[in-house]
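S.K.: This is my_file.txt, which holds compact mmCIF, N, CA and C atoms:
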# COMPACT_ATOMS: atom_id res chain seq x y z
N MET M 15 49.82 43.50 -42.75
CA MET M 15 49.81 42.48 -41.72
C MET M 15 51.23 41.96 -41.55
N SER M 16 51.64 41.85 -40.32
CA SER M 16 52.99 41.37 -40.07
C SER M 16 53.04 39.85 -40.20
N TRP M 17 54.25 39.32 -40.29
CA TRP M 17 54.43 37.87 -40.40
C TRP M 17 53.85 37.17 -39.19
N ALA M 18 53.98 37.79 -38.02
CA ALA M 18 53.49 37.17 -36.79
C ALA M 18 51.97 37.09 -36.80
N GLN M 19 51.31 38.17 -37.20
CA GLN M 19 49.85 38.15 -37.26
C GLN M 19 49.37 37.11 -38.25
N GLY M 20 50.07 36.98 -39.36
CA GLY M 20 49.68 35.99 -40.36
C GLY M 20 49.74 34.58 -39.82
N LEU M 21 50.71 34.31 -38.96
CA LEU M 21 50.83 32.97 -38.39
C LEU M 21 49.89 32.74 -37.23
N ILE M 22 49.56 33.80 -36.52
CA ILE M 22 48.73 33.66 -35.33
C ILE M 22 47.26 33.54 -35.69
N GLU M 23 46.81 34.29 -36.68
CA GLU M 23 45.40 34.26 -37.03
C GLU M 23 45.04 32.93 -37.69
N TRP M 24 43.81 32.56 -37.54
CA TRP M 24 43.32 31.30 -38.11
C TRP M 24 43.41 31.36 -39.62
N VAL M 25 43.82 30.30 -40.23
CA VAL M 25 43.95 30.23 -41.68
C VAL M 25 42.57 29.95 -42.26
N PRO M 26 42.06 30.84 -43.14
CA PRO M 26 40.73 30.60 -43.70
C PRO M 26 40.72 29.38 -44.60
N GLU M 27 39.54 28.77 -44.70
CA GLU M 27 39.41 27.61 -45.59
C GLU M 27 39.54 28.08 -47.03
N ARG M 28 40.12 27.24 -47.85
CA ARG M 28 40.19 27.55 -49.28
C ARG M 28 38.80 27.35 -49.85
N THR M 29 38.39 28.28 -50.67
CA THR M 29 37.03 28.23 -51.18
C THR M 29 37.01 28.44 -52.68
N VAL M 30 35.89 28.04 -53.25
CA VAL M 30 35.67 28.29 -54.68
C VAL M 30 34.27 28.88 -54.80
N ALA M 31 34.12 29.88 -55.62
CA ALA M 31 32.84 30.55 -55.76
C ALA M 31 32.09 30.02 -56.98
N SER M 32 30.77 29.95 -56.84
CA SER M 32 29.96 29.59 -58.00
C SER M 32 29.60 30.87 -58.74
N LYS M 33 29.12 30.72 -59.95
CA LYS M 33 28.77 31.87 -60.78
C LYS M 33 27.57 32.59 -60.16
N PRO M 34 27.63 33.93 -60.03
CA PRO M 34 26.53 34.66 -59.39
C PRO M 34 25.25 34.59 -60.23
N ASP M 35 24.12 34.64 -59.56
CA ASP M 35 22.81 34.65 -60.22
C ASP M 35 22.49 36.08 -60.62
N THR M 36 22.43 36.35 -61.89
CA THR M 36 22.18 37.70 -62.38
C THR M 36 20.71 37.95 -62.68
N SER M 37 19.84 36.97 -62.41
CA SER M 37 18.42 37.14 -62.71
C SER M 37 17.67 37.90 -61.62
N ALA M 38 18.21 37.98 -60.43
CA ALA M 38 17.54 38.66 -59.33
C ALA M 38 17.64 40.18 -59.54
N PRO M 39 16.63 40.93 -59.06
CA PRO M 39 16.67 42.38 -59.23
C PRO M 39 17.79 43.00 -58.40
N LEU M 40 18.29 44.11 -58.88
CA LEU M 40 19.37 44.83 -58.19
C LEU M 40 18.80 45.59 -56.99
N PRO M 41 19.59 45.76 -55.94
CA PRO M 41 19.12 46.55 -54.80
C PRO M 41 18.95 48.00 -55.23
N LYS M 42 17.97 48.67 -54.61
CA LYS M 42 17.67 50.05 -55.00
C LYS M 42 18.09 51.04 -53.93
N ASN M 43 19.08 50.68 -53.15
CA ASN M 43 19.52 51.56 -52.07
C ASN M 43 20.35 52.74 -52.58
N ARG M 44 20.90 52.66 -53.79
CA ARG M 44 21.69 53.75 -54.36
C ARG M 44 21.41 53.85 -55.86
N PRO M 45 20.26 54.40 -56.21
CA PRO M 45 19.91 54.44 -57.62
C PRO M 45 20.88 55.28 -58.46
N ASP M 46 21.63 56.17 -57.83
CA ASP M 46 22.56 57.02 -58.57
C ASP M 46 23.84 56.29 -58.94
N SER M 47 24.05 55.09 -58.40
CA SER M 47 25.29 54.37 -58.67
C SER M 47 24.98 52.92 -59.01
N HIS M 48 24.53 52.70 -60.20
CA HIS M 48 24.14 51.37 -60.65
C HIS M 48 25.31 50.38 -60.58
N GLN M 49 26.51 50.81 -60.96
CA GLN M 49 27.67 49.92 -60.93
C GLN M 49 28.01 49.47 -59.51
N GLU M 50 27.92 50.38 -58.55
CA GLU M 50 28.19 50.00 -57.16
C GLU M 50 27.16 49.00 -56.66
N ALA M 51 25.91 49.19 -57.05
CA ALA M 51 24.85 48.27 -56.63
C ALA M 51 25.09 46.88 -57.21
N VAL M 52 25.48 46.82 -58.48
CA VAL M 52 25.76 45.54 -59.11
C VAL M 52 26.93 44.85 -58.42
N ALA M 53 27.98 45.61 -58.14
CA ALA M 53 29.16 45.05 -57.47
C ALA M 53 28.81 44.54 -56.08
N ALA M 54 28.03 45.30 -55.33
CA ALA M 54 27.65 44.89 -53.97
C ALA M 54 26.82 43.61 -54.00
N GLN M 55 25.88 43.54 -54.94
CA GLN M 55 25.03 42.35 -55.05
C GLN M 55 25.85 41.13 -55.45
N SER M 56 26.74 41.31 -56.41
CA SER M 56 27.59 40.20 -56.85
C SER M 56 28.47 39.71 -55.72
N SER M 57 29.04 40.65 -54.98
CA SER M 57 29.91 40.28 -53.86
C SER M 57 29.13 39.50 -52.81
N ALA M 58 27.92 39.95 -52.50
CA ALA M 58 27.10 39.26 -51.50
C ALA M 58 26.77 37.85 -51.97
N ARG M 59 26.44 37.69 -53.24
CA ARG M 59 26.12 36.37 -53.76
C ARG M 59 27.33 35.45 -53.75
N LEU M 60 28.50 35.98 -54.13
CA LEU M 60 29.72 35.17 -54.14
C LEU M 60 30.05 34.69 -52.74
N THR M 61 29.96 35.60 -51.78
CA THR M 61 30.29 35.25 -50.41
C THR M 61 29.35 34.17 -49.88
N SER M 62 28.05 34.31 -50.17
CA SER M 62 27.09 33.35 -49.63
C SER M 62 27.15 32.00 -50.34
N SER M 63 27.68 31.96 -51.56
CA SER M 63 27.68 30.71 -52.31
C SER M 63 29.03 29.98 -52.27
N MET M 64 29.98 30.48 -51.50
CA MET M 64 31.30 29.84 -51.46
C MET M 64 31.21 28.53 -50.68
N GLU M 65 31.85 27.51 -51.21
CA GLU M 65 31.86 26.21 -50.58
C GLU M 65 33.30 25.73 -50.47
N PRO M 66 33.65 25.01 -49.40
CA PRO M 66 35.01 24.49 -49.32
C PRO M 66 35.31 23.56 -50.49
N ILE M 67 36.54 23.62 -50.97
CA ILE M 67 36.95 22.75 -52.07
C ILE M 67 36.95 21.30 -51.61
N MET M 68 37.51 21.06 -50.45
CA MET M 68 37.54 19.71 -49.91
C MET M 68 37.68 19.79 -48.40
N ALA M 69 37.33 18.73 -47.72
CA ALA M 69 37.41 18.70 -46.27
C ALA M 69 38.86 18.78 -45.83
N GLU M 70 39.08 19.45 -44.71
CA GLU M 70 40.42 19.56 -44.14
C GLU M 70 40.84 18.19 -43.60
N PRO M 71 42.11 17.85 -43.75
CA PRO M 71 42.57 16.58 -43.19
C PRO M 71 42.54 16.64 -41.66
N GLU M 72 42.42 15.47 -41.04
CA GLU M 72 42.36 15.40 -39.58
C GLU M 72 43.68 15.79 -38.94
N LYS M 73 44.78 15.50 -39.63
CA LYS M 73 46.11 15.79 -39.12
C LYS M 73 46.94 16.40 -40.24
N LEU M 74 47.95 17.14 -39.85
CA LEU M 74 48.90 17.69 -40.80
C LEU M 74 50.22 16.96 -40.64
N SER M 75 50.94 16.82 -41.73
CA SER M 75 52.31 16.33 -41.63
C SER M 75 53.18 17.55 -41.32
N LEU M 76 54.40 17.31 -40.90
CA LEU M 76 55.31 18.41 -40.62
C LEU M 76 55.52 19.26 -41.87
N VAL M 77 55.70 18.63 -43.02
CA VAL M 77 55.93 19.39 -44.24
C VAL M 77 54.70 20.23 -44.61
N GLU M 78 53.50 19.72 -44.36
CA GLU M 78 52.28 20.50 -44.62
C GLU M 78 52.22 21.72 -43.71
N LEU M 79 52.54 21.53 -42.44
CA LEU M 79 52.53 22.64 -41.49
C LEU M 79 53.57 23.69 -41.86
N LEU M 80 54.77 23.24 -42.22
CA LEU M 80 55.82 24.17 -42.64
C LEU M 80 55.41 24.93 -43.90
N ASN M 81 54.82 24.24 -44.85
CA ASN M 81 54.38 24.90 -46.08
C ASN M 81 53.25 25.90 -45.80
N LEU M 82 52.37 25.58 -44.88
CA LEU M 82 51.30 26.48 -44.50
C LEU M 82 51.88 27.77 -43.93
N ALA M 83 52.85 27.64 -43.03
CA ALA M 83 53.51 28.81 -42.47
C ALA M 83 54.26 29.58 -43.56
N ASN M 84 54.87 28.86 -44.46
CA ASN M 84 55.64 29.48 -45.53
C ASN M 84 54.77 30.36 -46.43
N GLU M 85 53.50 29.99 -46.59
CA GLU M 85 52.57 30.78 -47.39
C GLU M 85 52.39 32.18 -46.81
N ALA M 86 52.53 32.31 -45.51
CA ALA M 86 52.31 33.60 -44.85
C ALA M 86 53.59 34.42 -44.71
N TYR M 87 54.73 33.84 -44.98
CA TYR M 87 56.00 34.53 -44.78
C TYR M 87 56.43 35.24 -46.06
N ALA M 88 56.99 36.41 -45.90
CA ALA M 88 57.40 37.23 -47.05
C ALA M 88 58.24 36.43 -48.04
N ASP M 89 57.82 36.43 -49.27
CA ASP M 89 58.52 35.77 -50.37
C ASP M 89 58.71 34.27 -50.16
N GLY M 90 57.96 33.65 -49.25
CA GLY M 90 58.09 32.21 -49.03
C GLY M 90 59.49 31.83 -48.57
N TYR M 91 60.14 32.71 -47.84
CA TYR M 91 61.54 32.50 -47.50
C TYR M 91 61.76 31.43 -46.44
N LEU M 92 60.72 30.98 -45.77
CA LEU M 92 60.90 29.88 -44.80
C LEU M 92 61.48 28.66 -45.51
N ALA M 93 61.13 28.49 -46.78
CA ALA M 93 61.59 27.32 -47.54
C ALA M 93 63.09 27.31 -47.76
N GLU M 94 63.78 28.37 -47.41
CA GLU M 94 65.24 28.34 -47.44
C GLU M 94 65.77 27.42 -46.35
N TYR M 95 64.92 27.13 -45.37
CA TYR M 95 65.35 26.33 -44.22
C TYR M 95 64.68 24.96 -44.15
N PHE M 96 63.88 24.62 -45.16
CA PHE M 96 63.32 23.27 -45.27
C PHE M 96 62.95 23.01 -46.72
N ASP M 97 62.97 21.75 -47.09
CA ASP M 97 62.58 21.35 -48.44
C ASP M 97 61.05 21.26 -48.49
N PRO M 98 60.39 22.05 -49.33
CA PRO M 98 58.92 22.05 -49.37
C PRO M 98 58.30 20.73 -49.79
N GLU M 99 59.07 19.85 -50.42
CA GLU M 99 58.55 18.56 -50.85
C GLU M 99 58.69 17.50 -49.75
N THR M 100 59.83 17.51 -49.07
CA THR M 100 60.13 16.45 -48.10
C THR M 100 60.16 16.92 -46.65
N GLY M 101 60.32 18.22 -46.45
CA GLY M 101 60.44 18.74 -45.09
C GLY M 101 61.84 18.65 -44.52
N GLU M 102 62.76 18.07 -45.29
CA GLU M 102 64.15 17.95 -44.82
C GLU M 102 64.74 19.32 -44.55
N ARG M 103 65.65 19.36 -43.57
CA ARG M 103 66.31 20.62 -43.22
C ARG M 103 67.18 21.11 -44.38
N ARG M 104 67.23 22.42 -44.52
CA ARG M 104 68.14 23.07 -45.45
C ARG M 104 68.98 24.06 -44.66
N GLN M 105 70.16 24.33 -45.15
CA GLN M 105 71.06 25.25 -44.47
C GLN M 105 70.50 26.67 -44.46
N GLY M 106 70.03 27.15 -45.60
CA GLY M 106 69.50 28.50 -45.68
C GLY M 106 70.56 29.53 -45.32
N SER M 107 70.23 30.78 -45.54
CA SER M 107 71.14 31.85 -45.11
C SER M 107 70.45 33.19 -45.18
N GLY M 108 70.83 34.07 -44.29
CA GLY M 108 70.40 35.46 -44.38
C GLY M 108 69.16 35.86 -43.62
N ASP M 109 68.31 34.94 -43.21
CA ASP M 109 67.08 35.33 -42.52
C ASP M 109 66.94 34.48 -41.26
N THR M 110 67.49 34.98 -40.18
CA THR M 110 67.46 34.20 -38.94
C THR M 110 66.06 34.10 -38.36
N LEU M 111 65.18 35.06 -38.69
CA LEU M 111 63.80 34.95 -38.23
C LEU M 111 63.11 33.76 -38.91
N ALA M 112 63.32 33.62 -40.20
CA ALA M 112 62.75 32.46 -40.92
C ALA M 112 63.31 31.17 -40.34
N GLN M 113 64.58 31.15 -40.06
CA GLN M 113 65.21 29.96 -39.47
C GLN M 113 64.59 29.65 -38.11
N PHE M 114 64.37 30.68 -37.31
CA PHE M 114 63.76 30.52 -36.00
C PHE M 114 62.34 29.94 -36.11
N ILE M 115 61.54 30.49 -37.02
CA ILE M 115 60.16 30.02 -37.17
C ILE M 115 60.14 28.55 -37.56
N VAL M 116 60.96 28.17 -38.51
CA VAL M 116 61.03 26.77 -38.93
C VAL M 116 61.45 25.89 -37.76
N SER M 117 62.42 26.34 -36.99
CA SER M 117 62.88 25.56 -35.82
C SER M 117 61.78 25.41 -34.78
N GLU M 118 61.06 26.48 -34.51
CA GLU M 118 59.97 26.42 -33.52
C GLU M 118 58.88 25.45 -33.96
N ILE M 119 58.52 25.51 -35.22
CA ILE M 119 57.48 24.61 -35.73
C ILE M 119 57.97 23.17 -35.66
N ARG M 120 59.20 22.93 -36.05
CA ARG M 120 59.78 21.58 -35.98
C ARG M 120 59.81 21.05 -34.54
N ASP M 121 60.30 21.91 -33.63
CA ASP M 121 60.48 21.48 -32.24
C ASP M 121 59.18 21.19 -31.51
N THR M 122 58.09 21.84 -31.92
CA THR M 122 56.82 21.67 -31.22
C THR M 122 55.85 20.75 -31.95
N PHE M 123 56.21 20.27 -33.13
CA PHE M 123 55.31 19.45 -33.94
C PHE M 123 55.07 18.09 -33.29
N ASP M 124 53.80 17.68 -33.25
CA ASP M 124 53.41 16.37 -32.75
C ASP M 124 52.56 15.70 -33.82
N ALA M 125 53.10 14.70 -34.47
CA ALA M 125 52.41 14.02 -35.57
C ALA M 125 51.13 13.33 -35.11
N ARG M 126 51.03 13.03 -33.82
CA ARG M 126 49.83 12.33 -33.32
C ARG M 126 48.68 13.27 -33.00
N ALA M 127 48.97 14.57 -32.92
CA ALA M 127 47.94 15.56 -32.56
C ALA M 127 47.00 15.82 -33.73
N SER M 128 45.81 16.31 -33.40
CA SER M 128 44.85 16.67 -34.44
C SER M 128 45.33 17.92 -35.16
N ARG M 129 44.74 18.17 -36.30
CA ARG M 129 45.08 19.36 -37.09
C ARG M 129 44.94 20.62 -36.25
N SER M 130 43.81 20.76 -35.57
CA SER M 130 43.59 21.97 -34.79
C SER M 130 44.61 22.08 -33.65
N ALA M 131 44.96 20.96 -33.03
CA ALA M 131 45.96 20.99 -31.96
C ALA M 131 47.35 21.34 -32.52
N GLN M 132 47.66 20.83 -33.70
CA GLN M 132 48.95 21.15 -34.32
C GLN M 132 49.04 22.64 -34.63
N LEU M 133 47.98 23.19 -35.21
CA LEU M 133 47.96 24.62 -35.52
C LEU M 133 48.02 25.46 -34.25
N GLN M 134 47.28 25.05 -33.23
CA GLN M 134 47.27 25.78 -31.96
C GLN M 134 48.66 25.77 -31.32
N GLU M 135 49.32 24.64 -31.35
CA GLU M 135 50.66 24.54 -30.75
C GLU M 135 51.66 25.42 -31.49
N ALA M 136 51.59 25.45 -32.81
CA ALA M 136 52.49 26.32 -33.59
C ALA M 136 52.20 27.78 -33.28
N ARG M 137 50.93 28.15 -33.20
CA ARG M 137 50.59 29.53 -32.86
C ARG M 137 51.06 29.89 -31.46
N LEU M 138 50.90 28.96 -30.54
CA LEU M 138 51.31 29.20 -29.16
C LEU M 138 52.83 29.41 -29.06
N ALA M 139 53.59 28.56 -29.72
CA ALA M 139 55.05 28.69 -29.69
C ALA M 139 55.49 30.03 -30.26
N LEU M 140 54.89 30.43 -31.37
CA LEU M 140 55.25 31.70 -31.98
C LEU M 140 54.73 32.88 -31.17
N SER M 141 53.60 32.72 -30.51
CA SER M 141 53.07 33.78 -29.63
C SER M 141 54.00 34.02 -28.46
N HIS M 142 54.56 32.95 -27.89
CA HIS M 142 55.53 33.12 -26.80
C HIS M 142 56.74 33.90 -27.29
N ALA M 143 57.18 33.62 -28.50
CA ALA M 143 58.31 34.35 -29.07
C ALA M 143 57.96 35.83 -29.26
N ILE M 144 56.74 36.10 -29.69
CA ILE M 144 56.30 37.48 -29.85
C ILE M 144 56.32 38.20 -28.51
N ASP M 145 55.82 37.53 -27.47
CA ASP M 145 55.84 38.12 -26.13
C ASP M 145 57.27 38.44 -25.69
N ASP M 146 58.18 37.52 -25.94
CA ASP M 146 59.58 37.76 -25.59
C ASP M 146 60.14 38.95 -26.36
N LEU M 147 59.84 39.03 -27.65
CA LEU M 147 60.32 40.14 -28.46
C LEU M 147 59.73 41.47 -27.98
N LYS M 148 58.45 41.48 -27.66
CA LYS M 148 57.83 42.71 -27.15
C LYS M 148 58.50 43.16 -25.86
N GLY M 149 58.82 42.21 -24.98
CA GLY M 149 59.51 42.55 -23.74
C GLY M 149 60.86 43.18 -24.00
N VAL M 150 61.60 42.63 -24.93
CA VAL M 150 62.92 43.19 -25.28
C VAL M 150 62.75 44.58 -25.88
N ILE M 151 61.79 44.73 -26.78
CA ILE M 151 61.56 46.03 -27.41
C ILE M 151 61.19 47.07 -26.36
N GLN M 152 60.30 46.72 -25.43
CA GLN M 152 59.91 47.66 -24.38
C GLN M 152 61.12 48.06 -23.52
N ARG M 153 61.95 47.10 -23.22
CA ARG M 153 63.12 47.39 -22.40
C ARG M 153 64.10 48.31 -23.11
N LEU M 154 64.17 48.18 -24.42
CA LEU M 154 65.10 49.00 -25.19
C LEU M 154 64.58 50.41 -25.47
N GLN M 155 63.35 50.68 -25.15
CA GLN M 155 62.78 52.01 -25.41
C GLN M 155 63.15 53.00 -24.33
Is it possible to express this structure as structure tokens?
M.R.:
Amino acid sequence: MSWAQGLIEWVPERTVASKPDTSAPLPKNRPDSHQEAVAAQSSARLTSSMEPIMAEPEKLSLVELLNLANEAYADGYLAEYFDPETGERRQGSGDTLAQFIVSEIRDTFDARASRSAQLQEARLALSHAIDDLKGVIQRLQ
């Protein structure tokens, strides 16, 4: 997955799984592969029993939004351009794409907007950049 796709796609909720129930009978769809059946059943139970750790906040701070984007960027390099604790600008060096992403998020951030609006605006700003890059790439081909 590219850095752009990671930022554009919706961020899944953080979840925690409960211990699977091993008392239920195993599915008999593949009697020749008992281990696969156990794995499939366990996976289905884990998926169905996952619950959010805590409710999402109504709004994000700029530093929270920057840190969220940083989680999706290779080696967390966005943090070269902002302090992960305070959100203050950092000089950084060597990765102008990371610098650009941090600048776009900063420039479009609205502290009064809802969480979903903040995330949508960040995705929109980066999507416009992707469109511009695709246009340049097509022209250079």
S.K.: Quick one, how far is atom C of Asn81 of chain M from atom CA of Ala125 of chain M?
M.R.: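 Distance between the two atoms: 15.7 Å.
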S.K.: List the neighbours of Asp109 of chain M out to 8 Å using only N, CA and C atoms; skip same-chain residues closer than 5 positions along the sequence, and give me the result as a PyMOL selection string.
M.R.: chain M and resi 91+114-115
S.K.: Determine the nearest neighbour of Val116 of chain M from the options M:Glu102, M:Lys73, M:Leu92, M:Ser128, counting only N, CA and C atoms.
M.R.: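 With only N, CA and C atoms as the atom set, the closest residue is M:Leu92.
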S.K.: Using all atoms listed in the file, which protein or nucleic acid residues come within 7 Å of Glu94 of chain M? Drop anything in the same chain fewer than 5 positions from it, and give the result as a list in words.
M.R.: Arg103, Arg104, Gln105, Gly106 and Ser107 of chain M
S.K.: Please, what distance in Å, to one decimal, runs between atom CA of Ser117 of chain M and atom CA of Ala131 of chain M?
M.R.: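 Interatomic distance, atom CA of Ser117 of chain M to atom CA of Ala131 of chain M: 17.9 Å.
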S.K.: What does the distance from atom C of Ala143 of chain M to atom CA of Ile119 of chain M come to in Å, to one decimal?
M.R.: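 According to the coordinates, atom C of Ala143 of chain M and atom CA of Ile119 of chain M are separated by 13.0 Å.
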S.K.: Determine, counting only C-alpha atoms, which protein, DNA and RNA residues have an atom within 10 Å of an atom of Glu99 of chain M; residues of the same chain fewer than 2 positions away are not included. Present the result as a ChimeraX atom specification.
M.R.: /M:77-78,81,93,96-97,101-102
